[in-house]
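model.txt, holding compact mmCIF, C-alpha atoms and all ligand atoms:
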# COMPACT_ATOMS: atom_id res chain seq x y z
CA VAL A 317 9.56 -15.18 -1.20
CA HIS A 318 13.10 -16.38 -1.64
CA ALA A 319 12.08 -19.97 -0.95
CA LEU A 320 9.27 -19.73 -3.53
CA HIS A 321 10.76 -17.63 -6.30
CA GLY A 322 14.42 -16.97 -5.47
CA GLU A 323 15.86 -19.94 -7.26
CA CYS A 324 13.96 -19.16 -10.45
CA LEU A 325 15.25 -15.59 -10.44
CA ASP A 326 18.78 -16.76 -9.70
CA ARG A 327 18.62 -19.20 -12.64
CA SER A 328 17.30 -16.52 -15.00
CA LEU A 329 20.00 -14.06 -14.03
CA ARG A 330 22.73 -16.67 -14.46
CA ALA A 331 21.27 -17.77 -17.79
CA ALA A 332 21.61 -14.13 -18.87
CA GLY A 333 25.31 -14.28 -18.06
CA LEU A 334 25.03 -12.33 -14.81
CA ASP A 335 26.62 -13.19 -11.50
CA PRO A 336 24.07 -12.51 -8.75
CA VAL A 337 24.80 -12.42 -5.05
CA LEU A 338 22.04 -12.73 -2.49
CA VAL A 339 21.16 -10.36 0.34
CA ARG A 340 18.08 -11.25 2.36
CA ILE A 341 15.92 -9.78 5.10
CA PRO A 342 13.33 -11.72 7.09
CA SER A 343 9.72 -11.09 6.04
CA GLY A 344 7.30 -8.81 7.90
CA GLU A 345 6.57 -5.11 8.33
CA ASP A 346 8.60 -5.13 11.56
CA GLN A 347 11.66 -5.83 9.40
CA LYS A 348 11.34 -2.54 7.49
CA THR A 349 13.93 -0.96 9.74
CA VAL A 350 17.02 1.23 9.61
CA ALA A 351 18.86 -1.68 11.26
CA ASN A 352 18.12 -3.93 8.26
CA VAL A 353 19.20 -1.15 5.89
CA MET A 354 22.52 -1.00 7.76
CA THR A 355 22.89 -4.78 7.60
CA ALA A 356 22.16 -4.83 3.86
CA LEU A 357 24.50 -1.91 3.13
CA GLY A 358 27.25 -3.64 5.10
CA GLN A 359 26.74 -6.82 3.09
CA LEU A 360 26.90 -4.93 -0.21
CA ALA A 361 30.16 -3.32 0.92
CA ARG A 362 31.68 -6.63 1.98
CA LEU A 363 30.53 -8.29 -1.25
CA GLY A 364 32.37 -5.60 -3.18
CA ILE A 365 29.28 -4.26 -4.92
CA GLU A 366 30.19 -1.30 -7.12
CA ARG A 367 28.52 1.74 -8.65
CA HIS A 368 27.66 -0.02 -11.93
CA ASP A 369 26.04 -3.01 -10.23
CA VAL A 370 22.27 -3.45 -10.14
CA LEU A 371 20.11 -4.19 -7.14
CA VAL A 372 17.10 -6.40 -7.88
CA ALA A 373 14.42 -6.15 -5.19
CA LEU A 374 12.30 -9.31 -5.19
CA GLY A 375 9.28 -9.47 -2.90
CA GLY A 376 6.38 -7.46 -1.54
CA GLY A 377 6.26 -3.84 -0.49
CA VAL A 378 8.48 -4.40 2.52
CA PRO A 379 11.59 -5.62 0.68
CA GLY A 380 10.73 -3.31 -2.24
CA ASP A 381 10.70 -0.22 -0.04
CA LEU A 382 13.71 -1.31 2.00
CA PHE A 383 15.97 -2.46 -0.82
CA GLY A 384 14.84 0.51 -2.89
CA TYR A 385 16.18 2.71 -0.12
CA VAL A 386 19.37 0.65 0.02
CA ALA A 387 19.76 1.17 -3.76
CA ALA A 388 19.14 4.91 -3.30
CA SER A 389 21.79 5.24 -0.59
CA TYR A 390 24.56 2.82 -1.48
CA MET A 391 27.31 4.83 -3.16
CA ARG A 392 24.72 7.64 -3.52
CA GLY A 393 22.61 5.41 -5.68
CA ILE A 394 22.93 2.28 -7.79
CA ARG A 395 20.50 1.00 -10.41
CA LEU A 396 17.33 -0.64 -9.17
CA VAL A 397 15.01 -3.27 -10.61
CA GLN A 398 11.79 -4.01 -8.75
CA ILE A 399 10.22 -7.44 -9.09
CA PRO A 400 7.06 -7.09 -6.98
CA THR A 401 5.44 -10.32 -5.80
CA THR A 402 2.34 -9.14 -3.90
CA VAL A 403 -0.76 -7.31 -5.11
CA VAL A 404 0.20 -4.29 -3.00
CA ALA A 405 3.63 -4.21 -4.60
CA GLN A 406 2.43 -4.92 -8.16
CA VAL A 407 -0.20 -2.19 -8.24
CA ASP A 408 1.32 0.30 -5.85
CA SER A 409 4.64 0.21 -4.03
CA SER A 410 6.98 -0.89 -6.84
CA ILE A 411 6.28 2.22 -8.86
CA GLY A 412 6.22 5.87 -7.92
CA GLY A 413 9.72 6.09 -6.53
CA LYS A 414 8.94 6.27 -2.82
CA VAL A 415 11.35 4.05 -0.94
CA GLY A 416 12.20 3.90 2.73
CA VAL A 417 11.80 2.29 6.10
CA ASP A 418 9.85 2.74 9.33
CA LEU A 419 10.97 4.27 12.60
CA PRO A 420 9.52 3.15 15.93
CA GLU A 421 7.90 6.62 16.03
CA ALA A 422 6.04 6.22 12.72
CA LYS A 423 5.87 4.29 9.49
CA ASN A 424 7.81 5.33 6.37
CA LEU A 425 9.45 8.22 8.22
CA VAL A 426 12.88 7.70 6.63
CA GLY A 427 13.22 7.47 2.89
CA ALA A 428 14.01 8.87 -0.51
CA TYR A 429 12.67 9.14 -4.03
CA LYS A 430 14.29 6.47 -6.13
CA HIS A 431 12.59 5.41 -9.33
CA PRO A 432 13.38 1.89 -10.43
CA ASP A 433 15.13 1.50 -13.78
CA ARG A 434 12.78 -1.39 -14.50
CA VAL A 435 9.74 -2.95 -12.89
CA ILE A 436 9.11 -6.56 -13.86
CA ILE A 437 5.59 -7.68 -13.06
CA ASP A 438 4.66 -11.33 -13.40
CA TYR A 439 1.08 -12.02 -12.29
CA GLU A 440 1.94 -15.73 -12.09
CA MET A 441 4.01 -14.97 -8.98
CA LEU A 442 0.79 -14.08 -7.15
CA ARG A 443 -0.36 -17.71 -7.33
CA THR A 444 1.72 -18.55 -4.26
CA LEU A 445 0.37 -15.58 -2.33
CA PRO A 446 -1.70 -16.66 0.71
CA TYR A 447 -5.44 -15.90 0.48
CA GLU A 448 -5.26 -13.26 3.23
CA GLU A 449 -2.52 -11.37 1.40
CA TRP A 450 -4.47 -11.55 -1.84
CA VAL A 451 -7.56 -10.15 -0.16
CA ALA A 452 -5.61 -7.43 1.67
CA GLY A 453 -3.93 -6.33 -1.56
CA THR A 454 -7.32 -6.06 -3.21
CA ALA A 455 -8.02 -3.02 -1.02
CA GLU A 456 -5.47 -1.06 -3.08
CA VAL A 457 -7.23 -2.09 -6.29
CA VAL A 458 -10.56 -0.85 -4.94
CA LYS A 459 -8.82 2.35 -3.86
CA SER A 460 -7.59 2.92 -7.42
CA GLY A 461 -11.14 2.51 -8.66
CA VAL A 462 -12.60 4.95 -6.15
CA ILE A 463 -10.03 7.68 -6.71
CA ALA A 464 -9.70 7.54 -10.50
CA ASP A 465 -11.24 4.63 -12.38
CA ALA A 466 -15.00 4.13 -12.19
CA ASP A 467 -14.86 1.30 -14.75
CA LEU A 468 -12.43 -0.62 -12.55
CA PHE A 469 -14.78 -0.18 -9.59
CA THR A 470 -17.82 -1.44 -11.48
CA TRP A 471 -15.82 -4.31 -13.00
CA LEU A 472 -14.89 -5.41 -9.48
CA GLU A 473 -18.52 -5.13 -8.41
CA SER A 474 -19.55 -7.48 -11.23
CA ASN A 475 -16.70 -9.94 -10.64
CA ALA A 476 -16.17 -9.82 -6.86
CA ASP A 477 -16.60 -13.55 -6.21
CA GLN A 478 -14.37 -14.66 -9.05
CA TRP A 479 -11.81 -12.07 -8.02
CA ARG A 480 -11.79 -13.16 -4.38
CA THR A 481 -11.30 -16.79 -5.33
CA ARG A 482 -8.90 -15.85 -8.14
CA ALA A 483 -11.13 -17.69 -10.59
CA CYS A 484 -10.90 -15.02 -13.31
CA ASP A 485 -8.13 -13.41 -15.32
CA VAL A 486 -6.85 -10.92 -12.76
CA GLY A 487 -4.38 -9.25 -15.11
CA PRO A 488 -6.58 -6.52 -16.65
CA ALA A 489 -7.82 -5.14 -13.30
CA LEU A 490 -4.33 -5.24 -11.77
CA ALA A 491 -3.02 -3.42 -14.82
CA ALA A 492 -5.83 -0.84 -14.57
CA ALA A 493 -4.98 -0.20 -10.91
CA LEU A 494 -1.30 0.15 -11.79
CA LYS A 495 -2.13 2.63 -14.55
CA VAL A 496 -4.01 4.81 -12.08
CA LYS A 497 -0.87 5.03 -9.99
CA VAL A 498 1.38 5.66 -13.00
CA ARG A 499 -0.85 8.46 -14.27
CA ILE A 500 -1.02 10.18 -10.91
CA VAL A 501 2.70 9.89 -10.16
CA GLN A 502 3.64 11.21 -13.60
CA GLU A 503 1.51 14.26 -12.94
CA ASP A 504 2.67 14.90 -9.38
CA GLU A 505 5.78 13.00 -8.35
CA ARG A 506 6.43 14.93 -5.13
CA GLU A 507 2.92 14.77 -3.73
CA THR A 508 2.10 18.47 -3.80
CA GLY A 509 -1.31 17.86 -5.35
CA ILE A 510 -3.08 14.96 -7.00
CA ARG A 511 -0.69 12.30 -5.63
CA MET A 512 -2.28 12.85 -2.24
CA ASN A 513 -5.35 11.13 -3.66
CA LEU A 514 -3.47 7.82 -3.47
CA ASN A 515 -3.72 8.16 0.29
CA TYR A 516 -7.46 7.48 0.23
CA GLY A 517 -8.12 5.09 3.12
CA HIS A 518 -4.56 5.47 4.30
CA THR A 519 -4.91 8.34 6.77
CA LEU A 520 -6.92 6.15 9.11
CA GLY A 521 -5.39 2.94 7.74
CA HIS A 522 -1.87 3.89 8.81
CA ALA A 523 -3.08 4.87 12.28
CA LEU A 524 -4.87 1.53 12.72
CA GLU A 525 -1.78 -0.39 11.60
CA ALA A 526 0.41 1.57 13.99
CA VAL A 527 -1.87 1.12 16.98
CA ALA A 528 -2.06 -2.61 16.18
CA GLY A 529 1.74 -2.60 16.37
CA TYR A 530 1.93 -3.80 12.72
CA ARG A 531 0.79 -7.20 13.88
CA GLY A 532 -2.47 -9.01 13.27
CA LEU A 533 -3.65 -6.37 10.78
CA ARG A 534 -2.38 -6.21 7.22
CA HIS A 535 -1.81 -2.92 5.41
CA GLY A 536 -4.66 -3.51 2.96
CA GLU A 537 -7.05 -4.68 5.69
CA ALA A 538 -6.39 -1.43 7.54
CA VAL A 539 -6.80 0.59 4.33
CA ALA A 540 -10.19 -1.05 3.67
CA TRP A 541 -11.40 0.11 7.09
CA GLY A 542 -9.88 3.50 6.33
CA MET A 543 -11.93 3.71 3.13
CA ALA A 544 -15.12 2.66 4.93
CA MET A 545 -14.55 5.33 7.57
CA GLU A 546 -13.43 8.08 5.22
CA ALA A 547 -16.48 7.50 3.00
CA ARG A 548 -18.69 8.15 6.04
CA MET A 549 -16.67 11.27 6.77
CA ALA A 550 -17.43 12.39 3.22
CA VAL A 551 -21.14 11.95 3.95
CA GLU A 552 -20.81 13.96 7.19
CA VAL A 553 -19.36 16.92 5.28
CA GLY A 554 -21.82 16.60 2.42
CA VAL A 555 -19.59 15.44 -0.46
CA SER A 556 -20.78 11.82 -0.63
CA ASP A 557 -23.95 9.96 0.24
CA GLY A 558 -25.25 6.77 1.81
CA THR A 559 -25.62 5.10 -1.56
CA PHE A 560 -21.90 5.33 -2.23
CA VAL A 561 -21.04 4.22 1.32
CA ARG A 562 -23.22 1.12 0.97
CA ARG A 563 -21.87 0.39 -2.51
CA GLN A 564 -18.27 0.55 -1.33
CA ASP A 565 -18.99 -1.44 1.88
CA HIS A 566 -20.73 -4.09 -0.18
CA LEU A 567 -17.83 -4.37 -2.63
CA LEU A 568 -15.17 -4.48 0.09
CA GLN A 569 -17.09 -7.18 1.96
CA ALA A 570 -17.70 -9.21 -1.20
CA LEU A 571 -13.94 -9.13 -1.78
CA GLY A 572 -13.29 -10.52 1.71
CA LEU A 573 -12.40 -7.21 3.37
CA LEU A 574 -13.89 -5.38 6.39
CA GLN A 575 -13.43 -8.39 8.64
CA PRO A 576 -13.55 -7.54 12.38
CA LEU A 577 -10.55 -5.56 13.58
CA PRO A 578 -8.35 -6.72 16.47
CA ALA A 579 -9.01 -4.88 19.76
CA LEU A 580 -7.69 -1.33 19.34
CA SER A 581 -7.99 1.83 21.41
CA GLY A 582 -10.04 4.62 19.81
CA TYR A 583 -8.13 7.22 21.79
CA ALA A 584 -4.72 5.89 20.70
CA THR A 585 -5.88 5.68 17.07
CA PHE A 586 -7.16 9.26 17.15
CA GLU A 587 -3.90 10.51 18.71
CA ARG A 588 -1.88 8.60 16.13
CA LEU A 589 -3.53 10.42 13.22
CA SER A 590 -1.55 13.56 13.91
CA LEU A 591 1.76 11.66 13.67
CA ASP A 592 1.07 10.69 10.06
CA LYS A 593 3.26 12.37 7.44
CA LYS A 594 0.13 13.62 5.71
CA VAL A 595 -0.38 16.17 8.47
CA LYS A 596 0.24 19.74 7.33
CA ALA A 597 0.58 22.59 9.83
CA GLY A 598 -1.06 20.47 12.50
CA ARG A 599 -4.05 19.61 10.31
CA VAL A 600 -4.82 16.05 9.31
CA ARG A 601 -5.49 15.70 5.59
CA TRP A 602 -8.31 13.42 4.50
CA ILE A 603 -9.05 12.14 1.02
CA LEU A 604 -12.81 11.98 0.61
CA PRO A 605 -14.77 10.17 -2.08
CA GLY A 606 -17.64 11.74 -3.97
CA ARG A 607 -21.06 10.30 -4.74
CA MET A 608 -19.75 8.12 -7.55
CA PRO A 609 -16.44 6.27 -7.86
CA GLY A 610 -13.78 8.01 -9.93
CA THR A 611 -13.11 11.29 -8.15
CA VAL A 612 -12.04 12.34 -4.68
CA SER A 613 -11.32 15.61 -2.88
CA VAL A 614 -8.76 16.58 -0.24
CA ARG A 615 -9.93 18.15 3.02
CA ASP A 616 -8.04 19.31 6.08
CA ASP A 617 -10.91 21.00 7.88
CA ILE A 618 -12.75 18.04 9.35
CA PRO A 619 -13.81 18.88 12.92
CA ALA A 620 -12.06 16.76 15.54
CA GLU A 621 -15.43 15.66 17.00
CA ILE A 622 -16.44 14.07 13.70
CA VAL A 623 -13.07 12.33 13.38
CA ARG A 624 -13.21 11.09 16.96
CA LYS A 625 -16.76 9.79 16.58
CA LEU A 626 -15.91 7.89 13.39
CA VAL A 627 -12.64 6.50 14.77
CA ASP A 628 -14.50 5.19 17.83
CA ALA A 629 -17.22 3.65 15.68
CA THR A 630 -14.55 1.93 13.56
CA VAL A 631 -12.58 0.38 16.40
CA ASP A 632 -15.73 -0.49 18.37
CA GLY A 633 -17.10 -2.41 15.40
CA ARG A 634 -20.15 -0.13 15.00
CA LEU A 635 -19.12 1.55 11.75
CA LEU A 636 -20.90 -0.78 9.33
CA ASN A 637 -24.20 -0.43 11.21
CA ASP A 638 -24.04 3.34 10.91
CA SER A 639 -24.51 3.74 7.18
N1 LIG A 701 6.50 2.82 -1.65
C1 LIG A 701 5.20 2.97 -1.81
O1 LIG A 701 4.75 3.83 -2.56
C2 LIG A 701 4.28 2.06 -1.08
C3 LIG A 701 2.95 1.94 -1.46
C4 LIG A 701 2.14 1.01 -0.80
C5 LIG A 701 2.65 0.24 0.22
N2 LIG A 701 3.95 0.39 0.57
C6 LIG A 701 4.53 -0.42 1.64
O2 LIG A 701 4.40 -1.81 1.30
C7 LIG A 701 4.37 -2.58 2.48
C8 LIG A 701 3.28 -3.59 2.38
O3 LIG A 701 3.54 -4.39 1.25
P1 LIG A 701 3.09 -5.91 1.14
O4 LIG A 701 1.67 -6.03 1.52
O5 LIG A 701 3.53 -6.39 -0.16
O6 LIG A 701 3.88 -6.57 2.37
P2 LIG A 701 5.08 -7.64 2.46
O7 LIG A 701 6.20 -7.27 1.61
O8 LIG A 701 5.32 -7.77 3.92
O9 LIG A 701 4.43 -8.99 1.92
C9 LIG A 701 3.37 -9.59 2.61
C10 LIG A 701 3.64 -11.07 2.91
O10 LIG A 701 3.55 -11.83 1.72
C11 LIG A 701 4.69 -12.67 1.57
N3 LIG A 701 4.87 -12.80 0.12
C12 LIG A 701 5.27 -11.85 -0.74
N4 LIG A 701 5.19 -12.30 -2.00
C13 LIG A 701 4.74 -13.57 -1.96
C14 LIG A 701 4.43 -14.55 -2.94
N5 LIG A 701 4.50 -14.28 -4.25
N6 LIG A 701 3.99 -15.74 -2.52
C15 LIG A 701 3.85 -16.01 -1.19
N7 LIG A 701 4.10 -15.12 -0.23
C16 LIG A 701 4.54 -13.90 -0.60
C17 LIG A 701 5.77 -11.93 2.30
O11 LIG A 701 6.79 -12.80 2.71
C18 LIG A 701 5.02 -11.34 3.48
O12 LIG A 701 4.89 -12.28 4.51
C19 LIG A 701 4.19 -1.60 3.63
O13 LIG A 701 5.41 -1.45 4.28
C20 LIG A 701 3.81 -0.30 2.95
O14 LIG A 701 4.24 0.84 3.65
C21 LIG A 701 4.77 1.27 -0.06
ZN ZN A 702 -1.27 1.28 0.55
Write out the structure in this file as C-alpha cells.
Amino acid sequence: VHALHGECLDRSLRAAGLDPVLVRIPSGEDQKTVANVMTALGQLARLGIERHDVLVALGGGVPGDLFGYVAASYMRGIRLVQIPTTVVAQVDSSIGGKVGVDLPEAKNLVGAYKHPDRVIIDYEMLRTLPYEEWVAGTAEVVKSGVIADADLFTWLESNADQWRTRACDVGPALAAALKVKVRIVQEDERETGIRMNLNYGHTLGHALEAVAGYRGLRHGEAVAWGMAMEARMAVEVGVSDGTFVRRQDHLLQALGLLQPLPALSGYATFERLSLDKKVKAGRVRWILPGRMPGTVSVRDDIPAEIVRKLVDATVDGRLLNDS
C-alpha cells in the first residue's frame, strides 16, 4: 500500500503544512500481532510523537486495526485518521471503533474501542486492489445487504457481472454497505444487541480462516462460505428456505465467491468455533438470515449435530450440492 499510495499521501500532508513521519508494518494478516504493536509504539516513542500528534492509518483492515490500536494505546490515546484502501476496510473495518490485533490463540483477541476522528474514503484507491481482494471484499457488501439492506442485495443481483469486473460505478453500493455499518454501530456500539448482526457469515468464517492458518484463504472468502453455511443452518431451524439459500449462493458465485476451499479439517473447524469471541456461556452464537434479504436473527441454540454436519459439508465441498 505504501508503494502504491504512500507517496501521494505524504505529498498531500506536506502540502497542508504538516510534517509526517512514516511507520510501516509488512502486509498480511500474520502481521496483525502484539509484536508489531510493540515495534510501532517503540518507533513513535523514539520519533518523539506527542499527545497532540495524529496517527493516520493507511491501508486495509490489517494496518487499520493494528494502527488503530496503537493510536488507542500510545500515551493513552492520540487522534486517529483512517484512510482505508480495501473494500473490507472501506465498508467495514475503518468505522465502528473496534481496533486490535490477533493472538496465536485466536483472532482479534486483544483490542480496544477507538473511534477515528476522521475516515477518508477514496474509491479511486481501490483501482490498484488485486482482483482476488476485490472479490473477497465483496462478501462484506453482500453481508450488509442480507442483514439490513434488501435494495443493496437486489442491486448486486442485477449488476453482479459489472461489479465483479469493476465495470460499473461502485461508489453507491459501497456507500450503502458502509451506511448499514454506521447505522448499526450508532445503535449498539458495544455489541450487546443489533451489532451482533454484523457477524453474519463470520462465526464460521473466522473458524475457517483460523484453521487455514490465515494463509490461502482471505477473510471475505471465508465469510462467503460462512454465509452459505449459515443460510443452510437457518433452513434447518425453519427461519429461512431453499429459495433464499439458492438466491444467495447464486449471487455469491456470480460475484466470484464460493470458490473451492483449501483442504481443511472439519473436526478442527468445529472445535475452533467455541474459541470465537462470539461465544457466550459456552454457546456459539449464530446470525441467521430470514426468507428475504434485509433481516436476520441471532440464535445460540443450534444443536451441535447440525453444526457438525454443516461444517463437514462445507469443508468437504458438498455444501453447494445440498441446497
Ligand atoms: N475492526 C473491524 O471492525 C473489522 C471489520 C472487518 C474486518 N476487520 C479486519 O480486517 C482485516 C482484513 O482486512 P483486509 O481484507 O483489508 O486485509 P489487508 O489489510 O491484509 O489487505 C489485503 C491485501 O491488500 C493489499 N492492499 C490493501 N490496499 C490495497 C490497494 N489499494 N491496492 C493494492 N493492494 C492493496 C494489502 O497489502 C494486503 O496484501 C482482518 O484482520 C479483519 O479482522 C476488522
Ligand atoms: Zn468481516
As a PyMOL selection string, please: the residues near A:Ala584 (cut-off 12 Å, all atoms listed in the file, same-chain neighbours under 4 positions excluded). chain A and resi 520+523-529+579-580+588-591+624+627-628+631
From A:Glu507, A:Asp335, A:Asp485, A:Glu621, residue lying nearest ligand LIG 701 (chain A) [all atoms listed in the file]: A:Glu507
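Our summary of the geometry notes that atom CA of A:Ile411 is positioned 23.4 Å from atom CA of A:Trp471.
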What residues of the protein or nucleic acid chains come within 12 Å of ligand ZN 702 (chain A) when you use only C-alpha atoms and all ligand atoms? Reply as an MDAnalysis selection string. chainID A and resid 376:378 402:410 414 423:424 452:460 497 512:522 525 534:540 542:543
Axis-aligned box over every listed atom of ligand LIG 701 (chain A), padded by 3 Å per side: centre and edges in Å to one decimal, as AutoDock Vina command-line options?
--center_x 4.2 --center_y -6.1 --center_z 0.1 --size_x 11.1 --size_y 25.8 --size_z 14.8
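In this structure, atom CA of A:Tyr530 sits 8.8 Å away from atom CA of A:Gly344.
When atom CA of A:Gly598 is paired with atom CA of A:Ala422, their separation reads 15.9 Å.
With distances taken over all atoms listed in the file, A:Thr401 is the one residue among A:Thr401, A:His321, A:Ala547, A:Arg480 lying closest to A:Leu442.
Non-sequential neighbours of A:Val614 (distance at most 7 Å, separation of 6 or more positions within a chain, all atoms listed in the file) are Arg601, Trp602, Ile603 and Leu604 of chain A.
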Take the residues from that selection and put them in a file with C-alpha atoms, as a PDB file, keeping the file's coordinate frame.
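File written: selection.pdb
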ATOM      1  CA  ARG A 601      -5.490  15.700   5.590  1.00  0.00           C
ATOM      2  CA  TRP A 602      -8.310  13.420   4.500  1.00  0.00           C
ATOM      3  CA  ILE A 603      -9.050  12.140   1.020  1.00  0.00           C
ATOM      4  CA  LEU A 604     -12.810  11.980   0.610  1.00  0.00           C
TER       5      LEU A 604
END
